[in-house]
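Undergrad: I'm passing along structure37.txt; it holds compact mmCIF, C-alpha atoms.
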```
# COMPACT_ATOMS: atom_id res chain seq x y z
CA MET A 22 -71.91 85.68 29.92
CA GLU A 23 -71.79 89.08 28.24
CA GLU A 24 -72.85 89.28 24.63
CA SER A 25 -69.47 90.60 23.47
CA VAL A 26 -67.82 87.48 24.95
CA ILE A 27 -70.39 85.22 23.26
CA ILE A 28 -69.74 86.94 19.93
CA LYS A 29 -65.98 86.58 20.38
CA LYS A 30 -66.35 82.85 21.06
CA ALA A 31 -68.81 82.46 18.15
CA ARG A 32 -66.24 84.08 15.86
CA GLN A 33 -63.77 81.40 16.91
CA GLY A 34 -66.27 78.76 15.84
CA ASP A 35 -67.59 77.84 19.27
CA ASN A 36 -70.91 76.09 18.55
CA ARG A 37 -72.29 76.67 22.05
CA ALA A 38 -71.78 80.41 21.63
CA LEU A 39 -73.39 80.30 18.18
CA SER A 40 -76.35 78.42 19.62
CA LYS A 41 -76.73 81.11 22.27
CA LEU A 42 -76.86 83.83 19.63
CA VAL A 43 -79.38 81.83 17.61
CA ASN A 44 -81.53 81.29 20.70
CA SER A 45 -81.38 84.96 21.66
CA TYR A 46 -82.35 86.38 18.29
CA SER A 47 -84.23 83.76 16.28
CA GLU A 48 -87.70 84.53 17.61
CA ARG A 49 -87.41 88.27 17.01
CA ILE A 50 -86.01 87.72 13.53
CA TYR A 51 -88.72 85.22 12.64
CA ASN A 52 -91.39 87.68 13.78
CA LEU A 53 -89.78 90.59 11.93
CA ALA A 54 -89.67 88.58 8.69
CA LEU A 55 -93.22 87.34 9.21
CA ARG A 56 -94.45 90.89 9.72
CA ILE A 57 -92.70 92.21 6.64
CA LEU A 58 -93.44 89.25 4.36
CA ARG A 59 -96.81 88.10 5.82
CA ASN A 60 -96.06 84.50 4.91
CA LYS A 61 -94.65 81.71 7.12
CA GLU A 62 -92.62 79.91 4.44
CA ASP A 63 -90.94 83.15 3.37
CA ALA A 64 -90.27 84.07 7.00
CA GLU A 65 -88.58 80.71 7.54
CA ASP A 66 -86.37 81.26 4.48
CA VAL A 67 -85.35 84.68 5.80
CA LEU A 68 -84.65 83.26 9.25
CA GLN A 69 -82.26 80.70 7.76
CA GLU A 70 -80.66 83.15 5.33
CA THR A 71 -80.10 85.68 8.11
CA PHE A 72 -78.20 83.30 10.37
CA LEU A 73 -76.22 81.74 7.51
CA ASN A 74 -75.21 85.22 6.39
CA ALA A 75 -74.48 86.40 9.95
CA ILE A 76 -72.31 83.38 10.75
CA GLU A 77 -70.40 83.71 7.49
CA ASN A 78 -69.76 87.40 8.06
CA LEU A 79 -69.36 87.45 11.83
CA SER A 80 -65.72 88.47 11.41
CA THR A 81 -66.87 91.71 9.73
CA PHE A 82 -69.21 92.67 12.57
CA ASN A 83 -68.04 96.02 13.81
CA GLU A 84 -68.71 96.43 17.51
CA ARG A 85 -69.35 100.15 17.11
CA SER A 86 -72.95 99.24 16.30
CA SER A 87 -74.93 96.80 18.42
CA PHE A 88 -75.21 93.17 17.39
CA PHE A 89 -78.97 93.61 17.43
CA THR A 90 -78.83 96.43 14.84
CA TRP A 91 -76.37 94.46 12.72
CA ILE A 92 -78.40 91.24 12.59
CA TYR A 93 -81.68 93.14 12.22
CA ARG A 94 -80.20 94.91 9.20
CA ILE A 95 -79.31 91.54 7.64
CA ALA A 96 -82.81 90.20 8.34
CA THR A 97 -84.55 93.34 7.03
CA ASN A 98 -82.48 93.33 3.84
CA ALA A 99 -83.18 89.65 3.27
CA SER A 100 -86.91 90.27 3.75
CA LEU A 101 -86.93 93.25 1.40
CA MET A 102 -84.97 91.32 -1.21
CA LYS A 103 -87.58 88.58 -1.06
CA LEU A 104 -90.37 91.13 -1.44
CA ARG A 105 -88.65 92.67 -4.45
CA ARG A 106 -88.32 89.27 -6.10
CA LYS A 107 -92.09 88.87 -5.97
CA LYS A 108 -92.36 91.85 -8.33
CA VAL A 109 -95.73 92.91 -7.00
CA VAL A 110 -96.95 96.27 -8.32
CA TYR A 111 -97.65 98.52 -5.35
CA THR A 112 -99.73 101.63 -5.00
CA GLU A 113 -97.60 104.33 -6.59
CA TYR A 114 -99.54 107.36 -5.42
CA LEU A 115 -97.87 107.06 -2.03
CA ASP A 116 -94.62 108.16 -3.68
CA HIS A 117 -96.14 111.39 -4.94
CA PRO A 118 -94.49 114.33 -3.13
CA ASP A 119 -97.89 115.85 -2.34
CA PHE A 120 -99.43 112.70 -0.91
CA GLU A 121 -101.08 113.63 2.38
CA GLY A 122 -103.97 111.18 2.53
CA ASN A 123 -107.64 111.51 1.94
CA ARG A 124 -109.21 114.49 3.66
CA ASN A 125 -112.54 114.17 1.98
CA GLU A 126 -115.35 114.80 4.51
CA LYS A 127 -116.62 111.29 3.97
CA TYR A 128 -113.40 110.01 5.51
CA LEU A 129 -113.48 112.31 8.51
CA ALA A 130 -115.84 110.33 10.71
CA ASP A 131 -114.43 109.78 14.18
CA TRP A 132 -114.22 106.04 14.63
CA SER A 133 -111.32 106.33 17.05
CA GLN A 134 -113.55 106.78 20.07
CA ASP A 135 -117.15 106.69 18.95
CA PRO A 136 -118.76 104.03 21.18
CA ALA A 137 -121.57 103.68 18.65
CA VAL A 138 -119.20 102.26 16.09
CA HIS A 139 -119.36 98.53 16.05
CA ILE A 140 -115.81 97.23 15.77
CA ASP A 141 -115.54 93.87 14.11
CA GLU A 142 -112.00 92.95 15.14
CA LYS A 143 -111.66 90.21 12.52
CA GLU A 144 -112.71 92.61 9.80
CA VAL A 145 -110.32 95.33 11.04
CA LYS A 146 -107.51 92.78 11.10
CA ARG A 147 -108.34 91.67 7.57
CA ILE A 148 -108.39 95.24 6.26
CA LEU A 149 -105.14 96.19 7.99
CA ASP A 150 -103.47 92.98 6.87
CA GLN A 151 -104.42 93.68 3.27
CA ALA A 152 -103.41 97.35 3.59
CA ILE A 153 -99.96 96.45 4.98
CA ASN A 154 -99.62 93.99 2.10
CA ASP A 155 -100.35 96.83 -0.31
CA LEU A 156 -97.58 99.03 1.13
CA SER A 157 -94.47 98.96 -1.01
CA GLU A 158 -91.31 97.76 0.67
CA ILE A 159 -89.86 101.18 1.51
CA TYR A 160 -92.94 102.17 3.50
CA ARG A 161 -93.68 98.74 4.89
CA ALA A 162 -90.22 98.27 6.39
CA VAL A 163 -90.29 101.64 8.15
CA PHE A 164 -93.79 101.06 9.50
CA ILE A 165 -93.03 97.56 10.79
CA LEU A 166 -89.70 98.52 12.39
CA ARG A 167 -90.94 101.72 14.00
CA ASP A 168 -94.59 101.17 14.82
CA VAL A 169 -94.86 97.41 15.25
CA GLU A 170 -91.37 96.42 16.44
CA ASP A 171 -91.27 99.65 18.46
CA LEU A 172 -87.72 100.61 17.46
CA SER A 173 -86.74 104.25 17.67
CA ILE A 174 -86.59 106.49 14.61
CA LYS A 175 -82.81 106.49 14.97
CA GLU A 176 -82.56 102.67 15.11
CA THR A 177 -84.97 102.33 12.18
CA GLY A 178 -82.83 104.72 10.14
CA LYS A 179 -79.64 102.81 11.01
CA ILE A 180 -81.15 99.46 10.04
CA LEU A 181 -82.47 100.74 6.72
CA ASP A 182 -79.47 102.99 6.12
CA ILE A 183 -81.62 106.08 5.61
CA SER A 184 -81.76 109.43 7.40
CA GLU A 185 -84.07 110.05 10.36
CA GLU A 186 -85.89 112.64 8.27
CA ASN A 187 -86.55 110.01 5.62
CA VAL A 188 -87.84 107.60 8.26
CA LYS A 189 -90.33 110.24 9.42
CA ILE A 190 -91.54 111.00 5.90
CA ARG A 191 -92.06 107.33 5.03
CA LEU A 192 -93.63 106.62 8.41
CA ARG A 193 -96.10 109.47 8.02
CA ARG A 194 -97.14 108.28 4.57
CA ALA A 195 -97.50 104.67 5.68
CA ARG A 196 -99.58 105.66 8.70
CA ILE A 197 -101.85 107.88 6.62
CA PHE A 198 -102.24 105.20 3.94
CA LEU A 199 -103.31 102.62 6.53
CA ARG A 200 -105.56 105.11 8.28
CA ASP A 201 -107.30 105.96 5.01
CA ARG A 202 -107.99 102.28 4.33
CA LEU A 203 -109.75 101.97 7.68
CA ALA A 204 -111.51 105.29 7.12
CA GLU A 205 -112.99 103.91 3.90
CA TYR A 206 -114.39 100.96 5.82
CA PHE A 207 -115.70 102.99 8.75
CA SER A 208 -117.15 105.80 6.64
CA GLU A 209 -120.08 103.52 5.90
CA ARG A 210 -120.57 102.56 9.51
CA VAL A 211 -120.31 105.81 11.45
CA ASN A 212 -123.31 108.14 11.78
CA THR A 213 -125.52 105.98 9.61
CA MET B 20 -108.54 118.44 7.34
CA SER B 21 -109.95 121.48 5.56
CA GLN B 22 -106.80 123.10 4.27
CA HIS B 23 -108.22 126.60 3.72
CA GLN B 24 -108.07 127.39 7.45
CA HIS B 25 -104.46 126.31 7.83
CA SER B 26 -101.28 128.16 7.14
CA PRO B 27 -98.63 126.19 5.20
CA ASP B 28 -96.41 126.28 8.30
CA LEU B 29 -99.09 124.75 10.44
CA ILE B 30 -99.85 122.05 7.88
CA LYS B 31 -96.16 121.20 7.79
CA GLN B 32 -96.03 120.97 11.58
CA ILE B 33 -99.10 118.74 11.69
CA CYS B 34 -97.64 116.52 8.99
CA ASP B 35 -94.29 116.34 10.78
CA GLN B 36 -96.11 115.27 13.90
CA MET B 37 -97.80 112.42 11.98
CA GLY B 38 -94.38 110.98 11.22
CA ALA B 39 -93.01 111.45 14.72
CA ASP B 40 -93.79 109.86 18.07
CA LEU B 41 -97.58 110.14 18.19
CA HIS B 42 -97.63 110.08 21.97
CA ALA B 43 -94.99 112.71 22.54
CA PRO B 44 -96.36 116.08 23.55
CA ALA B 45 -97.03 117.63 20.14
CA CYS B 46 -95.42 120.99 19.58
CA ARG B 47 -97.43 123.67 21.34
CA GLU B 48 -98.82 125.21 18.19
CA VAL B 49 -100.08 121.87 16.86
CA GLU B 50 -101.53 120.94 20.24
CA GLU B 51 -103.38 124.25 20.49
CA HIS B 52 -104.65 123.86 16.96
CA LEU B 53 -105.94 120.33 17.55
CA LYS B 54 -108.01 121.62 20.48
CA LYS B 55 -109.74 124.11 18.22
CA CYS B 56 -110.02 122.18 14.96
CA PRO B 57 -112.32 119.13 15.12
CA ASP B 58 -111.32 117.93 11.64
CA CYS B 59 -107.61 117.85 12.45
CA GLN B 60 -108.32 116.31 15.83
CA ILE B 61 -110.32 113.48 14.25
CA TYR B 62 -107.66 112.96 11.60
CA PHE B 63 -104.91 112.83 14.21
CA ASN B 64 -106.86 110.54 16.55
CA THR B 65 -107.77 108.10 13.79
CA VAL B 66 -104.11 107.88 12.71
CA LYS B 67 -103.18 107.12 16.32
CA LYS B 68 -105.93 104.52 16.61
CA THR B 69 -104.81 102.83 13.37
CA VAL B 70 -101.25 102.51 14.68
CA ALA B 71 -102.51 101.17 18.02
CA TRP B 72 -104.60 98.53 16.25
CA CYS B 73 -101.70 97.49 14.05
CA ARG B 74 -99.55 96.96 17.14
CA ASP B 75 -102.26 94.88 18.81
CA LEU B 76 -103.03 92.81 15.75
CA GLU B 77 -99.44 92.00 14.85
CA GLU B 78 -99.00 89.79 17.88
CA LYS B 79 -95.69 88.07 18.51
CA GLN B 80 -95.58 84.41 17.52
CA ALA B 81 -93.41 81.68 18.96
CA ILE B 82 -91.29 79.88 16.37
CA PRO B 83 -92.91 76.53 15.58
CA SER B 84 -90.64 73.70 16.75
CA GLN B 85 -90.26 72.27 13.22
CA ILE B 86 -88.98 75.63 11.96
CA ARG B 87 -86.55 75.90 14.87
CA ASN B 88 -85.31 72.36 14.26
CA ARG B 89 -84.80 72.98 10.54
CA LEU B 90 -82.86 76.17 11.36
CA LEU B 91 -80.54 74.36 13.78
CA LYS B 92 -80.00 71.59 11.24
CA LYS B 93 -79.20 74.10 8.49
CA LEU B 94 -76.65 75.78 10.76
CA HIS B 95 -75.21 72.39 11.87
CA LEU B 96 -76.11 73.22 15.44
CA ASP B 97 -78.49 70.31 15.93
CA LYS B 98 -76.06 67.93 17.60
```
Reformat the file's structure so that it appears as structure tokens.

TA:
Amino acid sequence: MEESVIIKKARQGDNRALSKLVNSYSERIYNLALRILRNKEDAEDVLQETFLNAIENLSTFNERSSFFTWIYRIATNASLMKLRRKKVVYTEYLDHPDFEGNRNEKYLADWSQDPAVHIDEKEVKRILDQAINDLSEIYRAVFILRDVEDLSIKETGKILDISEENVKIRLRRARIFLRDRLAEYFSERVNT
Amino acid sequence: MSQHQHSPDLIKQICDQMGADLHAPACREVEEHLKKCPDCQIYFNTVKKTVAWCRDLEEKQAIPSQIRNRLLKKLHLDK
């Protein structure tokens, strides 16, 4: 059955159609929320909120955008709202217009392909996990949608309701921020 | 990236590339520059490697059955 037909039936209150939509999108939404929030309980809350909100507002879904974009926008907004409520203070220097990362020589070791560099995967995961956690919501959402979820710059912009140019600026800053965190770690391990 | 060797235009192009598709053929000028400038090349490659690691480390997880069941119950779709 085509998705537009399923949506039409779901709008009329057909529970089987609703179940199909839930089955099709729940895993992706759970993973998106988990990646943004980095916490299983919060991701579960967002999963429930997203479908409750989507079902309640299904009549307002405008078929000019895809259902995927529409429900992803709901899920992203719910995740960002939850992040905001935590009131964590994030690294502000990323917002500085001149922020272009750390180009100090110490951070210019090439750990991307140096076979001599011992890569401790667990340690890299821990550092990246912490670094993503330190990204404020506007950078984190762009990075997760574009680089982890593999959405296009256009789709990312539509979901976050920002211009493509803005997506690129935030993405660049997020990438450089994460790269610099790893560079700090590897600077002590390369060529020593 | 030692900025003294780079024109503002080139820096802008390199920066733009860092926010674009990292695997797309970079604009010719940036590509040519990366071949000649080891610092920029390292910087660019380490950004790419960071993104690749993030993708690998953020593996997709199946929804635990209890979470799925609670969702269906919340939506009254459990019968």

Undergrad: Looking at A:Val188, A:Ile183, A:Leu166, A:Val145, which one is nearest to B:Lys68, with distances taken over all atoms listed in the file?

TA: A:Val145

Undergrad: With distances taken over all atoms listed in the file, which of A:Ile140, A:Ile174, A:Met102, A:Leu181 is nearest to chain B?

TA: A:Ile174

Undergrad: Within 8 Å of chain A, which residues belong to chain B? Use only C-alpha atoms and report them as a PyMOL selection string.

TA: chain B and resi 20-21+34-35+37-39+58+61-62+64-66+68-70+73-74+76-77+79-82+86+90+93-94+96

Undergrad: Could you write out that same residue set with C-alpha atoms as a PDB file, in the coordinates of the input?

TA:
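So result.pdb came out as:
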```
ATOM      1  CA  MET B  20    -108.540 118.440   7.340  1.00  0.00           C
ATOM      2  CA  SER B  21    -109.950 121.480   5.560  1.00  0.00           C
ATOM      3  CA  CYS B  34     -97.640 116.520   8.990  1.00  0.00           C
ATOM      4  CA  ASP B  35     -94.290 116.340  10.780  1.00  0.00           C
ATOM      5  CA  MET B  37     -97.800 112.420  11.980  1.00  0.00           C
ATOM      6  CA  GLY B  38     -94.380 110.980  11.220  1.00  0.00           C
ATOM      7  CA  ALA B  39     -93.010 111.450  14.720  1.00  0.00           C
ATOM      8  CA  ASP B  58    -111.320 117.930  11.640  1.00  0.00           C
ATOM      9  CA  ILE B  61    -110.320 113.480  14.250  1.00  0.00           C
ATOM     10  CA  TYR B  62    -107.660 112.960  11.600  1.00  0.00           C
ATOM     11  CA  ASN B  64    -106.860 110.540  16.550  1.00  0.00           C
ATOM     12  CA  THR B  65    -107.770 108.100  13.790  1.00  0.00           C
ATOM     13  CA  VAL B  66    -104.110 107.880  12.710  1.00  0.00           C
ATOM     14  CA  LYS B  68    -105.930 104.520  16.610  1.00  0.00           C
ATOM     15  CA  THR B  69    -104.810 102.830  13.370  1.00  0.00           C
ATOM     16  CA  VAL B  70    -101.250 102.510  14.680  1.00  0.00           C
ATOM     17  CA  CYS B  73    -101.700  97.490  14.050  1.00  0.00           C
ATOM     18  CA  ARG B  74     -99.550  96.960  17.140  1.00  0.00           C
ATOM     19  CA  LEU B  76    -103.030  92.810  15.750  1.00  0.00           C
ATOM     20  CA  GLU B  77     -99.440  92.000  14.850  1.00  0.00           C
ATOM     21  CA  LYS B  79     -95.690  88.070  18.510  1.00  0.00           C
ATOM     22  CA  GLN B  80     -95.580  84.410  17.520  1.00  0.00           C
ATOM     23  CA  ALA B  81     -93.410  81.680  18.960  1.00  0.00           C
ATOM     24  CA  ILE B  82     -91.290  79.880  16.370  1.00  0.00           C
ATOM     25  CA  ILE B  86     -88.980  75.630  11.960  1.00  0.00           C
ATOM     26  CA  LEU B  90     -82.860  76.170  11.360  1.00  0.00           C
ATOM     27  CA  LYS B  93     -79.200  74.100   8.490  1.00  0.00           C
ATOM     28  CA  LEU B  94     -76.650  75.780  10.760  1.00  0.00           C
ATOM     29  CA  LEU B  96     -76.110  73.220  15.440  1.00  0.00           C
TER      30      LEU B  96
END
```

Undergrad: Using all atoms listed in the file, determine which residues lie at most 12 Å from A:Asn83, disregarding the query and same-chain residues fewer than 4 positions distant; provide the list as a list in words.

TA: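 Residues meeting the cut-off are Ser25, Ile28, Lys29, Asn78, Leu79, Ser87, Phe88, Phe89, Thr90, Trp91 and Ile92 of chain A.
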
Undergrad: When distances are computed from all atoms listed in the file, which of A:Met22, A:Leu42, A:Ile27, A:Ala152 shows the smallest separation from B:Leu91?

TA: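 Between A:Met22, A:Leu42, A:Ile27, A:Ala152, the residue approaching B:Leu91 most closely is A:Leu42.
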
Undergrad: May I ask for the distance between atom CA of B:Ala71 and atom CA of B:Gln32, given in Å to one decimal place?

TA: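 Between these atoms lies a distance of 21.8 Å.
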
Undergrad: Atom CA of A:Tyr46 to atom CA of A:Arg105: how many Å, to one decimal?

TA: 24.4 Å

Undergrad: For each of B:Ile33, B:Trp72, B:Glu78, B:Arg89, take the minimum atom-to-atom distance to B:Glu51, counting all atoms listed in the file, then give the residue where this is smallest.

TA: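 Between B:Ile33, B:Trp72, B:Glu78, B:Arg89, the residue approaching B:Glu51 most closely is B:Ile33.
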
Undergrad: Which residue is closest to B:Leu41? Choose from B:Lys67, B:Lys92, B:Arg87, B:Pro27 and count all atoms listed in the file.

TA: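 Closest residue, counting all atoms listed in the file: B:Lys67.
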
Undergrad: Taking into account all atoms listed in the file, which residue in the set A:Arg85, A:Glu158, A:Gln151, A:Asp141 is nearest to A:Lys107?

TA: A:Glu158

Undergrad: Would you work out the distance separating atom CA of B:Asp28 from atom CA of B:Pro57, expressed in Å to one decimal?

TA: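 Computing the Euclidean distance for atom CA of B:Asp28 and atom CA of B:Pro57 yields 18.7 Å.
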